[in-house]
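Structure record follows, encoded as structure tokens.
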Amino acid sequence: MPSAADTRAAILEAALAQLAEPGADVGIESIAERAGVSRATLYYHFHGRESLLAGLIERTLEELSATAYRAAADGDPHAVLEGTLDFYCANAVRCRFLFTHLLSAPQSVDPLMRRQQQAIAASLSECLARQGVKGEVDLVAEALQGQVNGVVFGRLVAGEPLERDRLAAVLGDLADRVVAP
């Protein structure tokens with residue numbers, strides 16, 4: 001018998017798989033069926049569609065923050081920016097959903113987004129400080145992270161592809177200008 005955490009994860013995976021299929025029904029019943037659980041089990045873990053969507057968003061943001069935190073371990077701000085970009089590229093469907101939901105229901109997403117942005121900016125700020133960046137390092141980190149989010153946000157919402165190498169080169173150049181003595 002799967003644990004509660006495993007069941008919850010299976011439900012989230014099923015919801016993500018449904019989101020990835022163009023025109024797919026993202027209803028509770030189809031997600032429960034795909035996860036191999038009853039509707040009652042799904043409702044036990046998520047009290048409705050909005051709760052399930054919030055769970056998807058929270059999981060995505062937690063994984064994004066963890067990616068940035070791991071990338072910051074070497075103290076290289078480029079690694080944090082590229083790690084964030086890589087996450088967006090590898091999870092384009094989830095991130096498109098996240099950004100679209102942010103536009104349509106900001107009150108449910110905004111607190112989670114703020115927490116995620118603060119976590120990534122803190123990792124980036126630490127790296128910038130190690131590189132000797134002076135002044136308002138926290139604000140510089142927030143601005144750099146905003147550049148990544150801004151470039152990705154518009155493309156994902158418009159359904160455009162993320163050209164990882166091109167974006168990484170431009171963002172890396174921007175980071176070089178910030179870190180340069």
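Please note that chains go A, B, ... in the order of the structure tokens, that every chain numbers its residues from 1, and that ligands are numbered from 1 in the order shown.
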Kindly provide the residues of stretch 77-180 of chain A that approach stretch 55-71 of chain A to within 9 Å, each paired with its closest atom pair and their distance in Å to one decimal, based on only C-alpha atoms, listed by chain and increasing number, as JSON lines.
```
{"residue": "A:Pro77", "atom": "CA", "partner": "A:Ala71", "partner_atom": "CA", "distance": 8.4}
{"residue": "A:His78", "atom": "CA", "partner": "A:Ala71", "partner_atom": "CA", "distance": 8.8}
{"residue": "A:Ala79", "atom": "CA", "partner": "A:Ala71", "partner_atom": "CA", "distance": 5.4}
{"residue": "A:Val80", "atom": "CA", "partner": "A:Ala71", "partner_atom": "CA", "distance": 5.0}
{"residue": "A:Leu81", "atom": "CA", "partner": "A:Ala68", "partner_atom": "CA", "distance": 7.7}
{"residue": "A:Glu82", "atom": "CA", "partner": "A:Ala71", "partner_atom": "CA", "distance": 8.4}
{"residue": "A:Gly83", "atom": "CA", "partner": "A:Ala68", "partner_atom": "CA", "distance": 5.9}
{"residue": "A:Thr84", "atom": "CA", "partner": "A:Ala68", "partner_atom": "CA", "distance": 6.0}
{"residue": "A:Phe87", "atom": "CA", "partner": "A:Leu64", "partner_atom": "CA", "distance": 6.5}
{"residue": "A:Tyr88", "atom": "CA", "partner": "A:Leu64", "partner_atom": "CA", "distance": 8.2}
{"residue": "A:Asn91", "atom": "CA", "partner": "A:Thr60", "partner_atom": "CA", "distance": 8.7}
{"residue": "A:Arg94", "atom": "CA", "partner": "A:Thr60", "partner_atom": "CA", "distance": 7.2}
{"residue": "A:Cys95", "atom": "CA", "partner": "A:Thr60", "partner_atom": "CA", "distance": 7.6}
{"residue": "A:Phe97", "atom": "CA", "partner": "A:Ile57", "partner_atom": "CA", "distance": 8.3}
{"residue": "A:Leu98", "atom": "CA", "partner": "A:Ile57", "partner_atom": "CA", "distance": 6.0}
{"residue": "A:His101", "atom": "CA", "partner": "A:Ile57", "partner_atom": "CA", "distance": 8.8}
{"residue": "A:Val109", "atom": "CA", "partner": "A:Ile57", "partner_atom": "CA", "distance": 7.5}
{"residue": "A:Leu112", "atom": "CA", "partner": "A:Glu58", "partner_atom": "CA", "distance": 6.7}
{"residue": "A:Met113", "atom": "CA", "partner": "A:Leu61", "partner_atom": "CA", "distance": 7.2}
{"residue": "A:Arg115", "atom": "CA", "partner": "A:Leu61", "partner_atom": "CA", "distance": 8.7}
{"residue": "A:Gln116", "atom": "CA", "partner": "A:Ser65", "partner_atom": "CA", "distance": 5.9}
{"residue": "A:Gln117", "atom": "CA", "partner": "A:Ser65", "partner_atom": "CA", "distance": 8.0}
{"residue": "A:Ala119", "atom": "CA", "partner": "A:Ser65", "partner_atom": "CA", "distance": 6.1}
{"residue": "A:Ile120", "atom": "CA", "partner": "A:Ala68", "partner_atom": "CA", "distance": 5.8}
{"residue": "A:Ala121", "atom": "CA", "partner": "A:Ala68", "partner_atom": "CA", "distance": 9.0}
{"residue": "A:Ala122", "atom": "CA", "partner": "A:Tyr69", "partner_atom": "CA", "distance": 8.8}
{"residue": "A:Ser123", "atom": "CA", "partner": "A:Tyr69", "partner_atom": "CA", "distance": 5.8}
{"residue": "A:Leu124", "atom": "CA", "partner": "A:Ala68", "partner_atom": "CA", "distance": 8.0}
```
Compile the contact shell of A:Gln18 as a PyMOL selection string: residues with an atom at most 12 Å away, counting only C-alpha atoms, same-chain residues fewer than 5 positions apart removed.
-> chain A and resi 11-13+23-35+53+56+93-94+97
Residue set, stretch 25-126 of chain A restricted to alpha helix (DSSP H), as a PyMOL selection string | chain A and resi 28-35+39-45+49-71+77-90+92-104+106-126
Please report as JSON lines every residue of stretch 2-107 of chain A lying within 7 Å of stretch 127-135 of chain A, along with the nearest atom pair and their distance in Å (one decimal), using only C-alpha atoms.
```
{"residue": "A:Ala72", "atom": "CA", "partner": "A:Cys127", "partner_atom": "CA", "distance": 6.4}
{"residue": "A:Gly75", "atom": "CA", "partner": "A:Cys127", "partner_atom": "CA", "distance": 4.4}
{"residue": "A:Asp76", "atom": "CA", "partner": "A:Cys127", "partner_atom": "CA", "distance": 5.6}
{"residue": "A:Pro77", "atom": "CA", "partner": "A:Cys127", "partner_atom": "CA", "distance": 5.2}
```
